[in-house]
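Scroll down for the structure; my scribbles are underneath it.
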Amino acid sequence: MTITEERQTDAPEGEVGRSRRRKEDQRLITGRTRWTDNIQLPGMLHLAMVRSPFAHANITAIDTDEAKAAPGVIGVFTGADLKDTQGVNANAWPLNAEQKAPEHLPVAVEHVACAGEIVAVVVARTAAQARDAAELVDVDYEELPAVLDLREAVKDEVLTHPSLGTNTSAFWKLDSAEQGSGGDIEAAIAKARQDGIVIEREYRQQRLVPAFMEPRSTVVDPTGEQLVVWSATQIPHILRFLIAATMGIPESKLRVIAPDVGGGFGGKLQTTPEEFATIAVARRLGKPCKYTETRSESILSAHHGRDQIQKLTLAAERDGRVTGLKVELLADLGAYVAIVGGGVPVLGAWMFNSIYKFDAYQFNCRTVLTNKTWVDAYRGAGRPEATYGIERLMDELADEVGIDPLELRAKNWITHDEFPFTTVAGMTYDSGNYEAATARAKELFGYDELREEQRRRRESNDPVQLGIGISTFTEMCGLAPSRVLGSLNYGAGGWEHASIRMLATGKVEVVTGASAHGQGHETAWSQIVADRLGIPFEDIEVLHGDTQIAPRGMDTYGSRSLVVGAEAVIRAADKVIEKAKPIAAHMLEASVDDIEFSAGRFGVKGTDRGVSMPEVALESWTCHNLPDGVEPTIDADATFDPDTFSFPHGTHLCAMEVDTETGATKMRSYVAVDDIGVIVNPLIVEGQEHGGLVQGIAQALWEGAEYDDQGTLVTGSFVDYTLPTSADTISFVTDHTTSPSTTNTLGTKGVGEAGTIASTPAVVNAIVDAVRHLGVNDIVMPCTPERVWKAIQAGAPVSAEGEREAAPHFDEGAPNQADPDPSASVEGSLS
Amino acid sequence: MTRIQVTVDGVSYSDDVEPRTLLVQYLRESLGKTGTVVGCDTSNCGACTVHLDGVSVKSCNVLAVQADGHEVTTIEGLATDGELHPVQQAFHECHALQCGYCTPGMIMQAVDLLNDNPDPSEQEIREGLEGNLCRCTGYHNIVKAVQQAAKAGVTS
Amino acid sequence: MIPAQFDYVAPETVQDAIAALAEHGDDAKVLAGGQSLLPILRMRLNAPGVIVDLGRIPELQGISEEGDHLVIGAMTTYAALLASEAVSTHAGVLSKAIHTVADPQIRHRGTIGGALVHADPAGDVGAPALALGAELVIAGAGGATRTVAADDFFEDLFTTAVRDGELLTQVRVPKHTGWGAHYEKFVRVSHQWSIVGVAATVRSEAGSIAEARVGLTNMGSTPLRAKAVEEALVGRPATDEAVRAAVASVADGTNPPSDLNGDSDYRKHLATVLTRRAVLAAAGA
């Protein structure tokens, strides 16, 4: 029996815990939305981008004459025309002082380092005229050799940016012995080689496209006192700061608005070349300008995600107790170090050890530039990669030891009575109960029955084999304690801000710095404030996403909104109560010490006398009879900087059927039991989980951005970048166990990325489990039918009896394994 | 320019359009029907789905001139007399949307699906929506919403 | 997203359409359902000067029965074909294949004639047209018509027997009443073009296969008919073993493409598995 179940049977007394239907929905289901592309301003001009078809080239000449003469064209601007006014797309998280980061100009001036870079901007009276004229811009390129492959890039034989002299951007390391959080990794591996087990694997995190449904769009109005920028962005506040910091516009002269934003998943936490180019052109022309990308432009030019090669060495005792993990990452940054692109892989540093107690740990990450689209955060950002690596390894170790993979995990995980627990990576987890989540998941999944069916199918040599995949994950979210960010050279803080405005009519405005784009902040924040202030849910309006309305904020990403942003809201609400108390006391002719606040009412202890919150709000507004020295407002602000991260966890179980004749895979069932602490709105939480699951499953099965040898993105539209549809997915079973977080008022943990982080290894583990008896121990993602079928063809049956051989060590020719030569050079270069 | 006469959400419009104008552009830019949105350029995503003479089409894949003399219903014309269409209501009840960008197209296709098959199985719902991409919901609650609307006996 | 400029004509008769094509020559492009053409125009992969829209020609619409043939107007939509009991009764494999095309919205607009003339080897109507021995009626200048057998219709990638200035007007399908039918489509995600598809239609007698017709999708530059397999199936019992042997060579001589969804050899392997499955399903086994 889980806490969730108890809560479900007992309806919550307050708003928190209720499945409130969302306030946001009404406008979205009736088409009364304000997407950026919907905005029309008087005299507005439209932009079209001329983009490089080449992955690497020098721009030798641009002829814009014909384009300028085309119907409706107002101007054509090259990088040279804009170079003094266009600002720069900044990297806000240099890994260290030595990091190499090429200057990333919105419109390239002399050099393009990936296909899709903007080389000229055409402005016309209609979008169609701009597009027509863009075809007439004649650009001469001197093509340069491009480096596209990560292993090749490490060799520095062909350079992404010849002027940098190397493709390596930075190297970053965490070592448990050096920082005092654990033992020596080399000693652990050496010992395991002698009398234990060493599992060595390379895994590929393919390149992904975030593929938010709303293409990015920017509208700039330069005609007022403030320059107003509407953009389909997750980060209006950070965008405002970076426009000011790089374009020479005073921050006070800038207003950035993220209106309705159609999804992000990390893909809209960038400051984009398109935004900066649109601002530069609008300022130049003094006219409102709009740029909206096509989907093909979005897939090519909005940042990509993941793209790593993970070299992993796991040391264990013969019984399966893990003694150490060494991680060597090569992370492909693409052509530029994006806003937090260099830091994303490093977020995995604290997550490869996951829920386990390892003696020794070392994390090495080399970030590398290649002539491809730049890479940055995509849902999970660093944590899915780490979770994939360790959860795949735990299955491999279980096979090596010869025990059930859940049993192996239980042998290594932190038990519920060990919290708070400081991990070998040096992170302190406040709470969790891995046993409870796993027990519940097994029960819902029918684990033993499915294992039995698997056995039967194997024995009968059924063409359709069944596999069970496990992922027991945790993650760190709620980005982030500002001091930690500072220690990592991150360019900003991780706090969040909120304001509560108590209106004279009893209504409440809640202003949050967390800028939502589908998460349901308006509903969840209303629930929280309703409970806190005793105001009806319907009387609360949540405002966000406009720097004029919500001037302070750090925006929405990294599963931070609830644990950081809503904590600020709670603290602001508590300040409102404290400010209201003296006024209430005065109204009631009582001492402040005798005032109690409960359910929206200020009462006098021991009496039935009291006044409501709206009455106090009105009293403060009229200001006719306030106590001396009391400010005539009960509005309050709060800024909250977290002390630590949030550590949700869960156990996910997945059953996959594999058609061994074709390699086709089919999901049979998926159970996710997540512990995300106290739940504010179960309906919204489930929605986040479902969507997260499908994105993670899609990495395992369907998605992958692929370039050809010339550096052309082959998967450049939704025809080839294969997102799953409703017909490709199933309904999920989700449930919760609850160990409240101890680091925030409500006991909440983040949930936005959990499903994505957990599901990818669960699916791949299930597929490998289905065909392991056919000699398969890995399949490269995405696990296409062709790859699955070929893995089965290549597999050599493993004898079920007899002495087991030591685990393979980077076998040449095995899937995912490096050619001996480049991997040796990687190892050498990391030392 | 070509003269077209189109009825959209019950109102008759007569306009000169360039033949290359897509129906979705005409709806959004000429008529201000911005509830219908564009999500891709290859007709995969279905975000622009509207009804043309009562059946669902991708309005990015129809020229405005092809709609001459025909009747279009968009998401903005689905609710009647201020009452949400039962499918709209079910999307709200079942939390079948998050960012909401795919939602107009998804709802219009769900209505079409139920017009065609008032009592669909889960598999039929999933196949009936295969031309509409959603990146937020994982489709789980969308399927539930269509099931709920079907139970309510929806036909429009 | 926005096509290049073009002029637009919407003739109301086949003869007017042919006249428009004659007038504009190479500069003209025929618009049928537009579900493949419009994405091409939007991506500016093609920029014709004139679009000739066949959508307002009544004589190109509709399904009728003429003796032992179904006669399908070239501008008949997938949705109309799916709704037709005549088609599901007499040309079951065509119904089954069309059910897998793209998605409902596209099936509301896309037409059988447009798809056949577009002749994308990964499209799903070519293989059933071959399997059913369809005849394609083509109209040319001066009202002349000629009929081409499906076997002779597909000439190369995106190339058919329809010449410049001609129009496909009708698809005549010999009735395969009582034949079992199945279309086995292999995709990674449901809105994809076929990686490989197999159309099979089978007439059974006393538990054996009396006649079989098999068409292959995306196994070369055109849809293919697997005649050797059809012959090998005759007289076989509809058992896994018997059919497996008969279809083993189905990929011989094919030249399927290699791409991200699978290389040529994998497609050849798929064709053997899918053909077996399609034939067995068509035979009701």
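Residue numbers start at 1 in each chain; chains themselves are named A, B, ... in the order of the structure tokens; ligands are numbered from 1 in the order shown.
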
DSSP on the backbone, then: every residue of chain B marked helix (DSSP H, G or I), written as a PyMOL selection string.
-> chain B and resi 23-30+64-67+75-77+86-93+103-116+122-128+140-151

Chain B residues near chain C within 10 Å, closest pair each, using only C-alpha atoms, as a Markdown table:
```
| residue | atom | partner | partner_atom | distance |
| --- | --- | --- | --- | --- |
| B:Met1 | CA | C:Asp7 | CA | 8.6 |
| B:Thr2 | CA | C:Tyr8 | CA | 8.2 |
| B:Glu18 | CA | C:Gln5 | CA | 7.9 |
| B:Pro19 | CA | C:Tyr8 | CA | 6.0 |
| B:Arg20 | CA | C:Pro3 | CA | 6.0 |
| B:Thr21 | CA | C:Ile2 | CA | 7.5 |
| B:Leu22 | CA | C:Ile2 | CA | 7.6 |
| B:Gln25 | CA | C:Ile2 | CA | 9.0 |
| B:Val38 | CA | C:Met1 | CA | 9.4 |
| B:Cys40 | CA | C:Met1 | CA | 8.1 |
| B:Asp41 | CA | C:Met1 | CA | 5.5 |
| B:Thr42 | CA | C:Pro39 | CA | 5.1 |
| B:Ser43 | CA | C:Pro39 | CA | 6.7 |
| B:Asn44 | CA | C:His191 | CA | 7.3 |
| B:Cys45 | CA | C:His191 | CA | 9.5 |
| B:Gly46 | CA | C:Gln105 | CA | 8.2 |
| B:Thr49 | CA | C:Gln105 | CA | 7.7 |
| B:Val50 | CA | C:Gln105 | CA | 9.2 |
| B:His51 | CA | C:Gln105 | CA | 9.2 |
| B:Leu52 | CA | C:His108 | CA | 9.6 |
| B:Val55 | CA | C:His108 | CA | 7.2 |
| B:Ser56 | CA | C:Gln105 | CA | 5.3 |
| B:Val57 | CA | C:Gln105 | CA | 4.5 |
| B:Lys58 | CA | C:Gln105 | CA | 6.1 |
| B:Ser59 | CA | C:Gln105 | CA | 9.5 |
| B:Cys60 | CA | C:Leu38 | CA | 8.2 |
| B:Asn61 | CA | C:Leu38 | CA | 5.7 |
| B:Val62 | CA | C:Gly34 | CA | 7.1 |
| B:Leu63 | CA | C:Leu38 | CA | 8.3 |
| B:Val65 | CA | C:Tyr8 | CA | 8.5 |
| B:Gln66 | CA | C:Gly55 | CA | 7.6 |
| B:Gln109 | CA | C:Gln105 | CA | 7.8 |
| B:Asp112 | CA | C:Pro104 | CA | 9.0 |
| B:Leu113 | CA | C:Pro104 | CA | 8.4 |
| B:Glu127 | CA | C:Asp103 | CA | 8.0 |
| B:Gly128 | CA | C:Pro104 | CA | 6.5 |
| B:Leu129 | CA | C:Asp103 | CA | 7.7 |
| B:Glu130 | CA | C:Asp103 | CA | 5.9 |
| B:Gly131 | CA | C:Asp103 | CA | 4.9 |
| B:Asn132 | CA | C:Asp103 | CA | 8.6 |
| B:Leu133 | CA | C:His191 | CA | 9.8 |
```

If you count only C-alpha atoms, which residues fall within 12 Å of A:Ala410, apart from same-chain ones fewer than 2 positions away, as a list in words?
-> Gly320, Arg321, Val322, Ile355, Tyr356, Lys357, Met394, Ala398, Ile403, Asp404, Pro405, Leu406, Glu407, Leu408, Asn412, Trp413, Ile414, Thr415, His416, Asn433, Tyr434, Glu435, Ala436, Ala437, Thr438, Ala439, Thr472 and Thr651 of chain A

Please write the residues from the selection above to a file, keeping N, CA and C atoms, as a compact mmCIF listing (two decimals), in the first residue's frame.
```txt
# COMPACT_ATOMS: atom_id res chain seq x y z
N GLY A 320 28.41 -9.63 -7.42
CA GLY A 320 27.64 -8.56 -8.05
C GLY A 320 27.66 -7.25 -7.30
N ARG A 321 28.36 -7.17 -6.20
CA ARG A 321 28.46 -5.87 -5.53
C ARG A 321 29.43 -4.99 -6.30
N VAL A 322 28.96 -3.82 -6.72
CA VAL A 322 29.79 -2.96 -7.55
C VAL A 322 30.80 -2.22 -6.68
N ILE A 355 21.41 5.35 -8.09
CA ILE A 355 20.87 5.03 -6.76
C ILE A 355 21.79 4.09 -6.00
N TYR A 356 23.00 3.93 -6.51
CA TYR A 356 23.83 2.83 -6.00
C TYR A 356 24.95 3.33 -5.08
N LYS A 357 25.45 2.37 -4.30
CA LYS A 357 26.57 2.64 -3.39
C LYS A 357 27.83 2.03 -4.00
N MET A 394 24.19 -2.34 -15.45
CA MET A 394 23.69 -3.18 -14.37
C MET A 394 23.05 -4.45 -14.93
N ALA A 398 24.38 -8.18 -14.20
CA ALA A 398 23.48 -9.22 -13.71
C ALA A 398 23.63 -10.49 -14.54
N ILE A 403 22.40 -13.55 -11.99
CA ILE A 403 21.24 -13.34 -11.12
C ILE A 403 20.24 -12.40 -11.78
N ASP A 404 19.05 -12.37 -11.23
CA ASP A 404 18.01 -11.49 -11.76
C ASP A 404 18.47 -10.04 -11.66
N PRO A 405 18.25 -9.27 -12.71
CA PRO A 405 18.75 -7.89 -12.70
C PRO A 405 18.13 -7.02 -11.60
N LEU A 406 16.94 -7.33 -11.16
CA LEU A 406 16.38 -6.56 -10.04
C LEU A 406 17.10 -6.91 -8.74
N GLU A 407 17.42 -8.19 -8.60
CA GLU A 407 18.16 -8.63 -7.40
C GLU A 407 19.54 -7.97 -7.36
N LEU A 408 20.16 -7.88 -8.52
CA LEU A 408 21.48 -7.24 -8.57
C LEU A 408 21.38 -5.77 -8.15
N ASN A 412 22.88 -3.44 -4.59
CA ASN A 412 23.75 -2.27 -4.68
C ASN A 412 23.10 -0.93 -4.30
N TRP A 413 21.77 -0.93 -4.21
CA TRP A 413 21.17 0.38 -4.02
C TRP A 413 21.20 0.85 -2.57
N ILE A 414 21.01 2.15 -2.41
CA ILE A 414 20.92 2.77 -1.08
C ILE A 414 19.58 2.33 -0.49
N THR A 415 19.60 1.83 0.74
CA THR A 415 18.33 1.39 1.32
C THR A 415 17.62 2.56 1.98
N HIS A 416 16.33 2.41 2.19
CA HIS A 416 15.51 3.56 2.61
C HIS A 416 15.93 4.10 3.97
N ASN A 433 12.96 5.85 -1.47
CA ASN A 433 12.67 4.48 -1.02
C ASN A 433 12.60 3.60 -2.26
N TYR A 434 13.77 3.10 -2.63
CA TYR A 434 13.87 2.34 -3.87
C TYR A 434 13.19 0.98 -3.74
N GLU A 435 13.22 0.44 -2.53
CA GLU A 435 12.57 -0.86 -2.31
C GLU A 435 11.07 -0.75 -2.55
N ALA A 436 10.47 0.31 -2.02
CA ALA A 436 9.02 0.45 -2.11
C ALA A 436 8.58 0.64 -3.56
N ALA A 437 9.31 1.51 -4.29
CA ALA A 437 8.94 1.76 -5.69
C ALA A 437 9.09 0.49 -6.51
N THR A 438 10.14 -0.27 -6.23
CA THR A 438 10.39 -1.48 -7.01
C THR A 438 9.34 -2.55 -6.70
N ALA A 439 9.00 -2.68 -5.43
CA ALA A 439 8.00 -3.69 -5.06
C ALA A 439 6.66 -3.38 -5.73
N THR A 472 15.91 1.39 -12.80
CA THR A 472 15.71 1.98 -11.48
C THR A 472 16.57 3.23 -11.47
N THR A 651 11.05 3.22 -10.30
CA THR A 651 11.35 1.94 -10.93
C THR A 651 10.43 1.77 -12.12
```

Given the choices B:Met106, B:Cys136, B:Val87, B:Cys94, which gets closest to chain A if the distance is worked out from only C-alpha atoms?
->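 Residue with the minimum atom-to-atom distance to chain A: B:Cys136.
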
Using only C-alpha atoms, what table do you get, as CSV, when you list each residue of chain A with an atom no more than 7 Å from chain C, its nearest pair of atoms, and their distance in Å rounded to one decimal, rows by chain then rising number?
```
residue,atom,partner,partner_atom,distance
A:Ala128,CA,C:Ile2,CA,6.1
A:Asp132,CA,C:Ala4,CA,6.7
A:Thr294,CA,C:Met1,CA,6.2
A:Thr662,CA,C:Leu270,CA,6.3
A:Val719,CA,C:Gln192,CA,6.9
A:Thr722,CA,C:Val189,CA,6.7
A:Pro724,CA,C:Val189,CA,5.8
A:Thr725,CA,C:Ser190,CA,6.8
A:Ala727,CA,C:Ser190,CA,6.3
A:Asp728,CA,C:Val189,CA,6.0
A:Glu786,CA,C:Gly262,CA,5.6
```

With C-alpha atoms kept, could you save the residues just selected as an mmCIF file, in the first residue's frame?
```
data_model
loop_
_atom_site.group_PDB
_atom_site.id
_atom_site.type_symbol
_atom_site.label_atom_id
_atom_site.label_comp_id
_atom_site.auth_asym_id
_atom_site.auth_seq_id
_atom_site.Cartn_x
_atom_site.Cartn_y
_atom_site.Cartn_z
ATOM 1 C CA ALA A 128 6.226 34.767 -49.265
ATOM 2 C CA ASP A 132 11.044 34.258 -52.967
ATOM 3 C CA THR A 294 9.720 26.271 -41.112
ATOM 4 C CA THR A 662 12.106 -9.099 -39.014
ATOM 5 C CA VAL A 719 9.332 12.469 -43.089
ATOM 6 C CA THR A 722 10.547 9.747 -37.256
ATOM 7 C CA PRO A 724 6.141 8.326 -32.932
ATOM 8 C CA THR A 725 2.398 8.698 -33.368
ATOM 9 C CA ALA A 727 -0.496 4.327 -33.401
ATOM 10 C CA ASP A 728 3.083 3.516 -32.391
ATOM 11 C CA GLU A 786 17.197 -3.633 -39.155
#
```

Two-atom distance - atom CA of B:Thr74, atom CA of B:Val24 (Å) |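 Computing it gives 10.1 Å between the two atoms.
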
Mind listing as a PyMOL selection string which residues of chain A are within 9 Å of chain B, counting only C-alpha atoms?
-> chain A and resi 21-22+24-26+28-35+37-38+40+211-215+260-265+294-296+516-520+683-684+687-695+717-719+723-732

Got a sec to tell me which of stretch 74-223 of chain C DSSP assigns to strand (DSSP E), as number ranges by chain?
-> C: 135-139, 145-149, 154-156, 159-160, 167-174, 180-186, 196-205, 208-217

Please provide as number ranges by chain all residues within 9 Å of C:Arg244, with the sequence filter that same-chain residues fewer than 2 positions apart are discarded (counting only C-alpha atoms).
-> C: 239-242, 246-248, 272-273, 275-277

For the atom pair atom CA of A:Ala177 and atom CA of A:Ser646, what is the interatomic distance in Å to one decimal place?
-> 25.0 Å

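Residues within 7 Å of A:Phe647, counting only C-alpha atoms and excluding same-chain residues fewer than 6 positions away, are Tyr429, Thr474, Glu475, Met476, Cys477 and Lys749 of chain A.
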
Take the selection from the previous step and output its residues with N, CA, C and O atoms, as a compact mmCIF listing (two decimals), in the first residue's frame.
```txt
# COMPACT_ATOMS: atom_id res chain seq x y z
N TYR A 429 21.65 12.87 -1.21
CA TYR A 429 20.23 12.63 -1.51
C TYR A 429 19.45 12.76 -0.20
O TYR A 429 19.81 12.13 0.79
N THR A 474 17.37 7.52 -10.59
CA THR A 474 17.12 8.75 -9.86
C THR A 474 17.64 9.87 -10.73
O THR A 474 18.27 9.64 -11.76
N GLU A 475 17.35 11.07 -10.36
CA GLU A 475 17.89 12.19 -11.09
C GLU A 475 18.03 13.36 -10.14
O GLU A 475 17.48 13.35 -9.04
N MET A 476 18.82 14.32 -10.54
CA MET A 476 18.91 15.55 -9.76
C MET A 476 18.25 16.63 -10.58
O MET A 476 18.54 16.83 -11.75
N CYS A 477 17.30 17.31 -9.97
CA CYS A 477 16.64 18.37 -10.71
C CYS A 477 16.34 19.52 -9.77
O CYS A 477 16.84 19.58 -8.65
N LYS A 749 9.15 17.09 -5.40
CA LYS A 749 10.35 16.86 -6.21
C LYS A 749 9.96 17.13 -7.67
O LYS A 749 8.78 17.14 -8.00
```

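For the pair atom CA of A:Val733 and atom CA of A:Ala441, the separation is 9.3 Å.
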
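Minimum distance to C:Val202 across C:Met219, C:Ala283, C:Val173, C:Val229 (counting only C-alpha atoms) occurs at C:Ala283.
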